[in-house]
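What follows is the content of work_37.pdb, which has PDB, C-alpha atoms:
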MODEL        1
ATOM      1  CA  MET A  20      10.484 -17.591  -0.128  1.00  0.00           C
ATOM      2  CA  THR A  21      11.376 -17.741  -3.821  1.00  0.00           C
ATOM      3  CA  PHE A  22       9.354 -16.585  -6.797  1.00  0.00           C
ATOM      4  CA  ALA A  23       9.746 -17.064 -10.531  1.00  0.00           C
ATOM      5  CA  PRO A  24       8.684 -13.660 -11.848  1.00  0.00           C
ATOM      6  CA  ALA A  25       8.252 -12.861 -15.500  1.00  0.00           C
ATOM      7  CA  GLY A  26       8.867  -9.152 -15.287  1.00  0.00           C
ATOM      8  CA  GLY A  27      11.946  -8.374 -13.194  1.00  0.00           C
ATOM      9  CA  ARG A  28      11.834  -5.866 -10.338  1.00  0.00           C
ATOM     10  CA  ARG A  29       8.281  -4.695 -11.032  1.00  0.00           C
ATOM     11  CA  THR A  30       6.787  -8.172 -10.786  1.00  0.00           C
ATOM     12  CA  ALA A  31       8.931  -9.038  -7.781  1.00  0.00           C
ATOM     13  CA  GLY A  32       7.751  -5.986  -5.907  1.00  0.00           C
ATOM     14  CA  TRP A  33       4.107  -6.724  -6.533  1.00  0.00           C
ATOM     15  CA  ALA A  34       4.534 -10.307  -5.432  1.00  0.00           C
ATOM     16  CA  ALA A  35       6.080  -9.151  -2.179  1.00  0.00           C
ATOM     17  CA  LEU A  36       3.343  -6.628  -1.502  1.00  0.00           C
ATOM     18  CA  ALA A  37       0.693  -9.231  -2.118  1.00  0.00           C
ATOM     19  CA  ALA A  38       2.166 -11.236   0.743  1.00  0.00           C
ATOM     20  CA  GLY A  39       0.687  -8.718   3.141  1.00  0.00           C
ATOM     21  CA  LEU A  40       1.803  -6.310   5.823  1.00  0.00           C
ATOM     22  CA  SER A  41       2.313  -8.537   8.815  1.00  0.00           C
ATOM     23  CA  ALA A  42       5.802  -9.460   9.936  1.00  0.00           C
ATOM     24  CA  SER A  43       6.599  -6.635  12.330  1.00  0.00           C
ATOM     25  CA  VAL A  44       3.125  -5.578  13.428  1.00  0.00           C
ATOM     26  CA  ALA A  45       1.952  -6.254  16.967  1.00  0.00           C
ATOM     27  CA  GLY A  46      -1.450  -6.950  18.419  1.00  0.00           C
ATOM     28  CA  VAL A  47      -2.288  -3.511  19.710  1.00  0.00           C
ATOM     29  CA  VAL A  48      -5.932  -4.014  20.598  1.00  0.00           C
ATOM     30  CA  LEU A  49      -7.877  -0.757  20.682  1.00  0.00           C
ATOM     31  CA  ALA A  50     -11.618  -0.169  20.622  1.00  0.00           C
ATOM     32  CA  ILE A  51     -11.515   1.138  17.071  1.00  0.00           C
ATOM     33  CA  HIS A  52     -10.715  -2.344  15.731  1.00  0.00           C
ATOM     34  CA  SER A  53     -13.339  -5.049  15.987  1.00  0.00           C
ATOM     35  CA  GLY A  54     -10.989  -7.869  15.019  1.00  0.00           C
ATOM     36  CA  ARG A  55     -13.200  -8.597  12.023  1.00  0.00           C
ATOM     37  CA  PRO A  56     -12.331  -7.813   8.404  1.00  0.00           C
ATOM     38  CA  ALA A  57     -13.434  -4.361   7.302  1.00  0.00           C
ATOM     39  CA  GLU A  58     -16.677  -4.281   5.355  1.00  0.00           C
ATOM     40  CA  ASP A  59     -16.350  -3.683   1.618  1.00  0.00           C
ATOM     41  CA  ALA A  60     -17.828  -0.448   0.322  1.00  0.00           C
ATOM     42  CA  GLY A  61     -17.986   1.584  -2.875  1.00  0.00           C
ATOM     43  CA  SER A  62     -16.904   0.755  -6.412  1.00  0.00           C
ATOM     44  CA  VAL A  63     -13.268   0.034  -7.189  1.00  0.00           C
ATOM     45  CA  PRO A  64     -11.968   2.386  -9.927  1.00  0.00           C
ATOM     46  CA  ALA A  65     -11.604   1.003 -13.424  1.00  0.00           C
ATOM     47  CA  ALA A  66      -8.753  -1.438 -13.778  1.00  0.00           C
ATOM     48  CA  ALA A  67      -8.665  -1.840 -17.543  1.00  0.00           C
ATOM     49  CA  VAL A  68      -5.134  -2.683 -18.632  1.00  0.00           C
ATOM     50  CA  ALA A  69      -3.841  -0.708 -21.591  1.00  0.00           C
ATOM     51  CA  PRO A  70      -3.012  -2.757 -24.721  1.00  0.00           C
ATOM     52  CA  GLY A  71       0.470  -4.183 -24.567  1.00  0.00           C
ATOM     53  CA  SER A  72       0.813  -3.814 -20.788  1.00  0.00           C
ATOM     54  CA  ALA A  73       1.967  -6.906 -18.944  1.00  0.00           C
ATOM     55  CA  ALA A  74      -0.125  -7.839 -15.928  1.00  0.00           C
ATOM     56  CA  ALA A  75       1.733  -8.878 -12.818  1.00  0.00           C
ATOM     57  CA  VAL A  76       2.163 -12.505 -11.860  1.00  0.00           C
ATOM     58  CA  ALA A  77       0.148 -13.580  -8.845  1.00  0.00           C
ATOM     59  CA  PRO A  78       2.310 -14.648  -5.891  1.00  0.00           C
ATOM     60  CA  ALA A  79       2.815 -18.340  -5.328  1.00  0.00           C
ATOM     61  CA  SER A  80       3.749 -18.107  -1.646  1.00  0.00           C
ATOM     62  CA  SER A  81       4.087 -15.671   1.213  1.00  0.00           C
ATOM     63  CA  PRO A  82       7.382 -13.927   2.037  1.00  0.00           C
ATOM     64  CA  ALA A  83       7.411 -11.758   5.134  1.00  0.00           C
ATOM     65  CA  LEU A  84       7.202  -8.008   4.954  1.00  0.00           C
ATOM     66  CA  ARG A  85      10.053  -6.529   6.966  1.00  0.00           C
ATOM     67  CA  PRO A  86      10.802  -3.027   8.243  1.00  0.00           C
ATOM     68  CA  SER A  87      13.386  -1.242   6.123  1.00  0.00           C
ATOM     69  CA  ARG A  88      16.958  -0.952   7.342  1.00  0.00           C
ATOM     70  CA  GLY A  89      20.200  -0.079   5.645  1.00  0.00           C
ATOM     71  CA  PRO A  90      20.537   2.101   2.542  1.00  0.00           C
ATOM     72  CA  ALA A  91      17.349   3.576   1.131  1.00  0.00           C
ATOM     73  CA  PRO A  92      16.345   2.296  -2.307  1.00  0.00           C
ATOM     74  CA  VAL A  93      17.062   4.538  -5.258  1.00  0.00           C
ATOM     75  CA  PRO A  94      13.764   5.893  -6.637  1.00  0.00           C
ATOM     76  CA  SER A  95      12.981   5.032 -10.227  1.00  0.00           C
ATOM     77  CA  ALA A  96      11.339   8.446 -10.726  1.00  0.00           C
ATOM     78  CA  PRO A  97      12.730  12.003 -10.552  1.00  0.00           C
ATOM     79  CA  ALA A  98      12.632  13.617  -7.114  1.00  0.00           C
ATOM     80  CA  TRP A  99       9.877  16.019  -8.113  1.00  0.00           C
ATOM     81  CA  ALA A 100       7.562  13.094  -8.888  1.00  0.00           C
ATOM     82  CA  VAL A 101       8.233  10.952  -5.784  1.00  0.00           C
ATOM     83  CA  PRO A 102       5.513  11.064  -3.101  1.00  0.00           C
ATOM     84  CA  ALA A 103       6.780  12.826   0.028  1.00  0.00           C
ATOM     85  CA  ARG A 104       3.713  13.194   2.262  1.00  0.00           C
ATOM     86  CA  VAL A 105       0.173  11.860   2.547  1.00  0.00           C
ATOM     87  CA  THR A 106      -2.468  14.000   4.234  1.00  0.00           C
ATOM     88  CA  ILE A 107      -5.891  12.631   5.187  1.00  0.00           C
ATOM     89  CA  GLY A 108      -7.878  15.369   6.872  1.00  0.00           C
ATOM     90  CA  LYS A 109     -10.731  13.109   8.003  1.00  0.00           C
ATOM     91  CA  LEU A 110      -8.274  10.930   9.928  1.00  0.00           C
ATOM     92  CA  ARG A 111      -6.013  13.794  11.058  1.00  0.00           C
ATOM     93  CA  VAL A 112      -3.104  12.110   9.279  1.00  0.00           C
ATOM     94  CA  ALA A 113      -0.109  13.920   7.828  1.00  0.00           C
ATOM     95  CA  ALA A 114       2.465  11.189   7.254  1.00  0.00           C
ATOM     96  CA  PRO A 115       5.853  11.440   5.554  1.00  0.00           C
ATOM     97  CA  VAL A 116       6.458   8.971   2.751  1.00  0.00           C
ATOM     98  CA  ASP A 117       9.676   7.127   1.930  1.00  0.00           C
ATOM     99  CA  ALA A 118      10.516   5.457  -1.380  1.00  0.00           C
ATOM    100  CA  VAL A 119      10.744   1.708  -0.755  1.00  0.00           C
ATOM    101  CA  GLY A 120      11.920  -1.234  -2.799  1.00  0.00           C
ATOM    102  CA  VAL A 121      12.372  -4.972  -2.487  1.00  0.00           C
ATOM    103  CA  ARG A 122      15.221  -7.089  -1.155  1.00  0.00           C
ATOM    104  CA  ALA A 123      16.920 -10.008  -2.820  1.00  0.00           C
ATOM    105  CA  ASP A 124      14.351 -12.304  -1.157  1.00  0.00           C
ATOM    106  CA  ARG A 125      11.623 -10.151  -2.732  1.00  0.00           C
ATOM    107  CA  SER A 126      10.185  -8.925   0.523  1.00  0.00           C
ATOM    108  CA  LEU A 127       8.814  -5.408   0.322  1.00  0.00           C
ATOM    109  CA  THR A 128      10.455  -2.950   2.679  1.00  0.00           C
ATOM    110  CA  VAL A 129       8.388  -0.354   4.501  1.00  0.00           C
ATOM    111  CA  PRO A 130       9.618   2.127   7.117  1.00  0.00           C
ATOM    112  CA  ASP A 131       9.952   0.523  10.537  1.00  0.00           C
ATOM    113  CA  ASP A 132       8.451   3.703  12.025  1.00  0.00           C
ATOM    114  CA  PRO A 133       4.659   3.193  11.715  1.00  0.00           C
ATOM    115  CA  ALA A 134       4.180   6.946  11.498  1.00  0.00           C
ATOM    116  CA  ARG A 135       5.878   6.845   8.076  1.00  0.00           C
ATOM    117  CA  LEU A 136       4.507   5.311   4.895  1.00  0.00           C
ATOM    118  CA  GLY A 137       6.226   3.634   1.971  1.00  0.00           C
ATOM    119  CA  TRP A 138       5.669   4.321  -1.727  1.00  0.00           C
ATOM    120  CA  TRP A 139       6.752   1.332  -3.798  1.00  0.00           C
ATOM    121  CA  ILE A 140       9.197   2.568  -6.441  1.00  0.00           C
ATOM    122  CA  GLY A 141       7.788   0.204  -9.081  1.00  0.00           C
ATOM    123  CA  SER A 142       4.333   1.736  -8.949  1.00  0.00           C
ATOM    124  CA  ALA A 143       2.968   4.853 -10.613  1.00  0.00           C
ATOM    125  CA  THR A 144       3.726   8.395  -9.466  1.00  0.00           C
ATOM    126  CA  PRO A 145       1.025  10.940  -8.600  1.00  0.00           C
ATOM    127  CA  GLY A 146      -0.301  12.632 -11.714  1.00  0.00           C
ATOM    128  CA  SER A 147       0.634   9.738 -14.019  1.00  0.00           C
ATOM    129  CA  ALA A 148      -1.755   9.111 -16.889  1.00  0.00           C
ATOM    130  CA  ARG A 149      -2.093   5.470 -15.928  1.00  0.00           C
ATOM    131  CA  GLY A 150      -1.202   3.040 -13.187  1.00  0.00           C
ATOM    132  CA  THR A 151      -1.801   2.711  -9.458  1.00  0.00           C
ATOM    133  CA  VAL A 152       0.115   4.783  -6.921  1.00  0.00           C
ATOM    134  CA  VAL A 153       0.695   2.202  -4.178  1.00  0.00           C
ATOM    135  CA  ILE A 154       1.441   3.509  -0.690  1.00  0.00           C
ATOM    136  CA  ALA A 155       1.601   1.049   2.209  1.00  0.00           C
ATOM    137  CA  GLY A 156       2.231   1.186   5.924  1.00  0.00           C
ATOM    138  CA  HIS A 157       2.027  -0.776   9.147  1.00  0.00           C
ATOM    139  CA  VAL A 158      -1.233  -0.501  11.045  1.00  0.00           C
ATOM    140  CA  ASP A 159       0.737  -0.596  14.329  1.00  0.00           C
ATOM    141  CA  THR A 160       3.887  -1.981  15.940  1.00  0.00           C
ATOM    142  CA  ALA A 161       4.743  -3.361  19.364  1.00  0.00           C
ATOM    143  CA  GLU A 162       7.211  -0.572  20.046  1.00  0.00           C
ATOM    144  CA  ASP A 163       5.257   2.455  18.849  1.00  0.00           C
ATOM    145  CA  GLY A 164       1.583   1.543  18.899  1.00  0.00           C
ATOM    146  CA  PRO A 165      -0.888   2.773  16.250  1.00  0.00           C
ATOM    147  CA  GLY A 166       0.499   3.766  12.872  1.00  0.00           C
ATOM    148  CA  ALA A 167      -0.515   6.453  10.395  1.00  0.00           C
ATOM    149  CA  LEU A 168      -3.006   4.094   8.731  1.00  0.00           C
ATOM    150  CA  PHE A 169      -4.448   2.691  11.949  1.00  0.00           C
ATOM    151  CA  ARG A 170      -7.913   4.067  11.193  1.00  0.00           C
ATOM    152  CA  LEU A 171      -7.815   3.534   7.441  1.00  0.00           C
ATOM    153  CA  GLU A 172     -10.727   1.108   7.497  1.00  0.00           C
ATOM    154  CA  ASN A 173     -12.869   3.871   9.016  1.00  0.00           C
ATOM    155  CA  LEU A 174     -12.143   6.442   6.309  1.00  0.00           C
ATOM    156  CA  PRO A 175     -15.501   7.531   4.836  1.00  0.00           C
ATOM    157  CA  LEU A 176     -15.953   7.292   1.107  1.00  0.00           C
ATOM    158  CA  GLY A 177     -15.769  10.692  -0.502  1.00  0.00           C
ATOM    159  CA  ALA A 178     -12.984  11.810   1.825  1.00  0.00           C
ATOM    160  CA  THR A 179     -10.063  13.669   0.295  1.00  0.00           C
ATOM    161  CA  ILE A 180      -6.556  12.210   0.322  1.00  0.00           C
ATOM    162  CA  GLU A 181      -3.718  14.516  -0.663  1.00  0.00           C
ATOM    163  CA  VAL A 182      -0.328  13.305  -1.855  1.00  0.00           C
ATOM    164  CA  ARG A 183       2.527  15.790  -2.026  1.00  0.00           C
ATOM    165  CA  ALA A 184       5.251  15.151  -4.595  1.00  0.00           C
ATOM    166  CA  GLY A 185       7.905  17.811  -4.960  1.00  0.00           C
ATOM    167  CA  GLU A 186       6.179  21.203  -5.035  1.00  0.00           C
ATOM    168  CA  ARG A 187       2.823  19.803  -6.162  1.00  0.00           C
ATOM    169  CA  VAL A 188      -0.096  18.405  -4.204  1.00  0.00           C
ATOM    170  CA  PHE A 189      -2.322  15.829  -5.905  1.00  0.00           C
ATOM    171  CA  ALA A 190      -5.834  15.362  -4.556  1.00  0.00           C
ATOM    172  CA  TYR A 191      -7.694  12.064  -4.617  1.00  0.00           C
ATOM    173  CA  ARG A 192     -11.190  11.101  -3.523  1.00  0.00           C
ATOM    174  CA  ALA A 193     -11.733   7.807  -1.664  1.00  0.00           C
ATOM    175  CA  VAL A 194     -14.209   5.752  -3.663  1.00  0.00           C
ATOM    176  CA  ALA A 195     -13.900   2.179  -2.403  1.00  0.00           C
ATOM    177  CA  ARG A 196     -12.702   0.023   0.457  1.00  0.00           C
ATOM    178  CA  ARG A 197     -11.870  -3.635   0.207  1.00  0.00           C
ATOM    179  CA  SER A 198     -10.656  -6.225   2.696  1.00  0.00           C
ATOM    180  CA  TYR A 199      -8.594  -9.051   1.215  1.00  0.00           C
ATOM    181  CA  SER A 200      -7.263 -12.187   2.864  1.00  0.00           C
ATOM    182  CA  LYS A 201      -3.499 -12.415   2.967  1.00  0.00           C
ATOM    183  CA  GLN A 202      -1.995 -13.411  -0.408  1.00  0.00           C
ATOM    184  CA  ARG A 203      -5.255 -12.518  -2.170  1.00  0.00           C
ATOM    185  CA  LEU A 204      -4.711  -8.944  -3.230  1.00  0.00           C
ATOM    186  CA  PRO A 205      -6.174  -8.685  -6.747  1.00  0.00           C
ATOM    187  CA  ALA A 206      -3.777  -8.957  -9.670  1.00  0.00           C
ATOM    188  CA  ASP A 207      -5.123  -5.785 -11.289  1.00  0.00           C
ATOM    189  CA  LEU A 208      -3.860  -3.782  -8.311  1.00  0.00           C
ATOM    190  CA  PHE A 209      -0.397  -4.635  -9.583  1.00  0.00           C
ATOM    191  CA  ALA A 210      -0.876  -4.087 -13.317  1.00  0.00           C
ATOM    192  CA  PRO A 211       1.054  -1.069 -14.640  1.00  0.00           C
ATOM    193  CA  GLY A 212      -1.578  -0.085 -17.213  1.00  0.00           C
ATOM    194  CA  THR A 213      -4.635   0.563 -15.064  1.00  0.00           C
ATOM    195  CA  ALA A 214      -6.624   3.770 -15.021  1.00  0.00           C
ATOM    196  CA  PRO A 215      -4.908   6.357 -12.769  1.00  0.00           C
ATOM    197  CA  ARG A 216      -5.713   5.761  -9.103  1.00  0.00           C
ATOM    198  CA  LEU A 217      -4.280   5.613  -5.602  1.00  0.00           C
ATOM    199  CA  ALA A 218      -4.267   2.585  -3.310  1.00  0.00           C
ATOM    200  CA  LEU A 219      -3.491   2.851   0.410  1.00  0.00           C
ATOM    201  CA  VAL A 220      -2.692  -0.535   1.948  1.00  0.00           C
ATOM    202  CA  THR A 221      -2.395  -1.647   5.561  1.00  0.00           C
ATOM    203  CA  CYS A 222      -3.298  -4.600   7.779  1.00  0.00           C
ATOM    204  CA  GLY A 223      -6.671  -5.417   9.253  1.00  0.00           C
ATOM    205  CA  GLY A 224      -8.892  -8.165  10.551  1.00  0.00           C
ATOM    206  CA  SER A 225      -7.889 -10.410  13.437  1.00  0.00           C
ATOM    207  CA  PHE A 226      -4.386 -10.691  14.887  1.00  0.00           C
ATOM    208  CA  HIS A 227      -2.927 -14.083  15.723  1.00  0.00           C
ATOM    209  CA  ASP A 228       0.624 -15.372  16.152  1.00  0.00           C
ATOM    210  CA  GLY A 229       2.142 -12.103  14.989  1.00  0.00           C
ATOM    211  CA  VAL A 230       0.101 -11.846  11.798  1.00  0.00           C
ATOM    212  CA  TYR A 231      -3.036  -9.942  10.806  1.00  0.00           C
ATOM    213  CA  SER A 232      -5.573 -11.961   8.832  1.00  0.00           C
ATOM    214  CA  HIS A 233      -6.344  -9.396   6.126  1.00  0.00           C
ATOM    215  CA  ASN A 234      -5.125  -6.449   4.115  1.00  0.00           C
ATOM    216  CA  VAL A 235      -7.278  -3.320   3.982  1.00  0.00           C
ATOM    217  CA  VAL A 236      -7.105  -1.358   0.716  1.00  0.00           C
ATOM    218  CA  VAL A 237      -8.678   2.056   0.173  1.00  0.00           C
ATOM    219  CA  TYR A 238      -8.926   3.022  -3.489  1.00  0.00           C
ATOM    220  CA  ALA A 239      -9.075   6.648  -4.549  1.00  0.00           C
ATOM    221  CA  GLU A 240      -9.475   8.456  -7.868  1.00  0.00           C
ATOM    222  CA  PRO A 241      -7.808  11.706  -8.909  1.00  0.00           C
ATOM    223  CA  VAL A 242      -9.942  14.777  -8.261  1.00  0.00           C
TER
ENDMDL
END

Target encoding structure tokens, full file:
Amino acid sequence: MTFAPAGGRRTAGWAALAAGLSASVAGVVLAIHSGRPAEDAGSVPAAAVAPGSAAAVAPASSPALRPSRGPAPVPSAPAWAVPARVTIGKLRVAAPVDAVGVRADRSLTVPDDPARLGWWIGSATPGSARGTVVIAGHVDTAEDGPGALFRLENLPLGATIEVRAGERVFAYRAVARRSYSKQRLPADLFAPGTAPRLALVTCGGSFHDGVYSHNVVVYAEPV
């Protein structure tokens, strides 16, 4: 699919993410998933855009998300600031994180291994004074089964999420969960000037014809 972004790589990346995490996931049906969208809970952290910040353009259509192959994207942040691991004690998750970018067709790449997560290089870095740290991953795949974020929709609010970047560990507290239909992720999730926060994104809802119906987003604030 083709977009007409107004803001170069940053806008293109957001548009691709908004398309959803669906192309390579498989219908692994386990008891933990009801097949219904996750229930919303909590209050989403402030999304006020700083003066002069350009909000992202909402996507006009739905490109497929594809597993990453070939050369890794070059991070737009120094190595010490790039997320390397996400730990969620309540879910017994300790997942490595790769820097991911977008292709010429503006599809967002994420690691094809569902045990690994992808930090979009156009988003904020942990510890930034503003912006959303966006980390996404497959809920499952046909080859490997459940992914690192398979139980994300069950994460209790108040749970701690730790993101390691370089030698530092940044702690966040889960404060909200939202379930969005495909192509309906909110525009403020993509704006570069929001209050500092973390967003973990994966698939959820029902699975049909190779596509999940929803995206699950857990929002967290810095501790």

Atom pair atom CA of A:Pro241 / atom CA of A:Arg192: separation (Å) =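 Distance reported for this atom pair: 6.4 Å.
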
Could the centre and edge lengths of an axis-aligned box, enclosing all atoms of stretch 191-198 of chain A in the file with 6 Å extra on each side, be given in Å to one decimal as lines of an AutoDock Vina configuration file?
center_x = -11.0
center_y = 2.9
center_z = -1.0
size_x = 18.5
size_y = 30.3
size_z = 19.3

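Atom CA of A:Ser232 lies 27.0 Å from atom CA of A:Thr213.
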
ask   = Nearest to A:Val129 among A:Val152, A:Ala195, A:Val158, A:Ala96, with distances taken over all atoms listed in the file: which residue is it?
value =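 So, comparing all the options, the nearest one is A:Val158.
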
task = Evaluate the PyMOL selection byres ((chain A and resi 134) around 9) here and jot the selected residues down as JSON, numbers by chain.
result = {"A": [113, 114, 115, 130, 131, 132, 133, 135, 136, 156, 157, 159, 163, 165, 166, 167, 168]}

Exercise: A:Val119 partners within 7 Å, all atoms listed in the file, chain neighbours under 4 positions left out, as a PyMOL selection string = chain A and resi 92+128-129+137-140

task = Could you list the residues chosen by the PyMOL selection byres ((chain A and resi 174-187) around 7) in this structure as a list in words?
result = Ala98, Trp99, Ala100, Val101, Pro102, Ala103, Arg104, Val105, Thr106, Ile107, Lys109, Leu110, Arg170, Leu171, Glu172, Asn173, Val188, Phe189, Ala190, Tyr191, Arg192, Ala193, Val194 and Ala195 of chain A

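Evaluated against this file, the PyMOL selection byres ((chain A and resi 221-223) around 7) yields Leu40, Ser41, Pro56, Ala155, Gly156, His157, Val158, Leu168, Leu219, Val220, Gly224, Ser225, Tyr231, Ser232, His233, Asn234, Val235 and Val236 of chain A.
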
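The space separating atom CA of A:Leu208 from atom CA of A:Pro97 comes to 23.0 Å.
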
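Here the question is which of A:Gly150, A:Val112, A:Pro64, A:Pro145 gets nearest to A:Ala210 using only C-alpha atoms, and that residue is A:Gly150.
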
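Among the candidates A:Val237, A:Ala65, A:Leu204, A:Ala214, the residue lying nearest to A:Arg149 is A:Ala214 (atoms considered: all atoms listed in the file).
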
ask   = Between A:Ser200, A:Asp207, A:Tyr238, A:Arg111, which is the closest to A:Gly61 once you count only C-alpha atoms?
value = A:Tyr238

inquiry  = Just checking: using all atoms listed in the file, which residue out of A:Gly120, A:Gly141, A:Gly146, A:Gly108 ends up closest to A:Val242?
reply    =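 That would be A:Gly146, the residue with the smallest distance to A:Val242.
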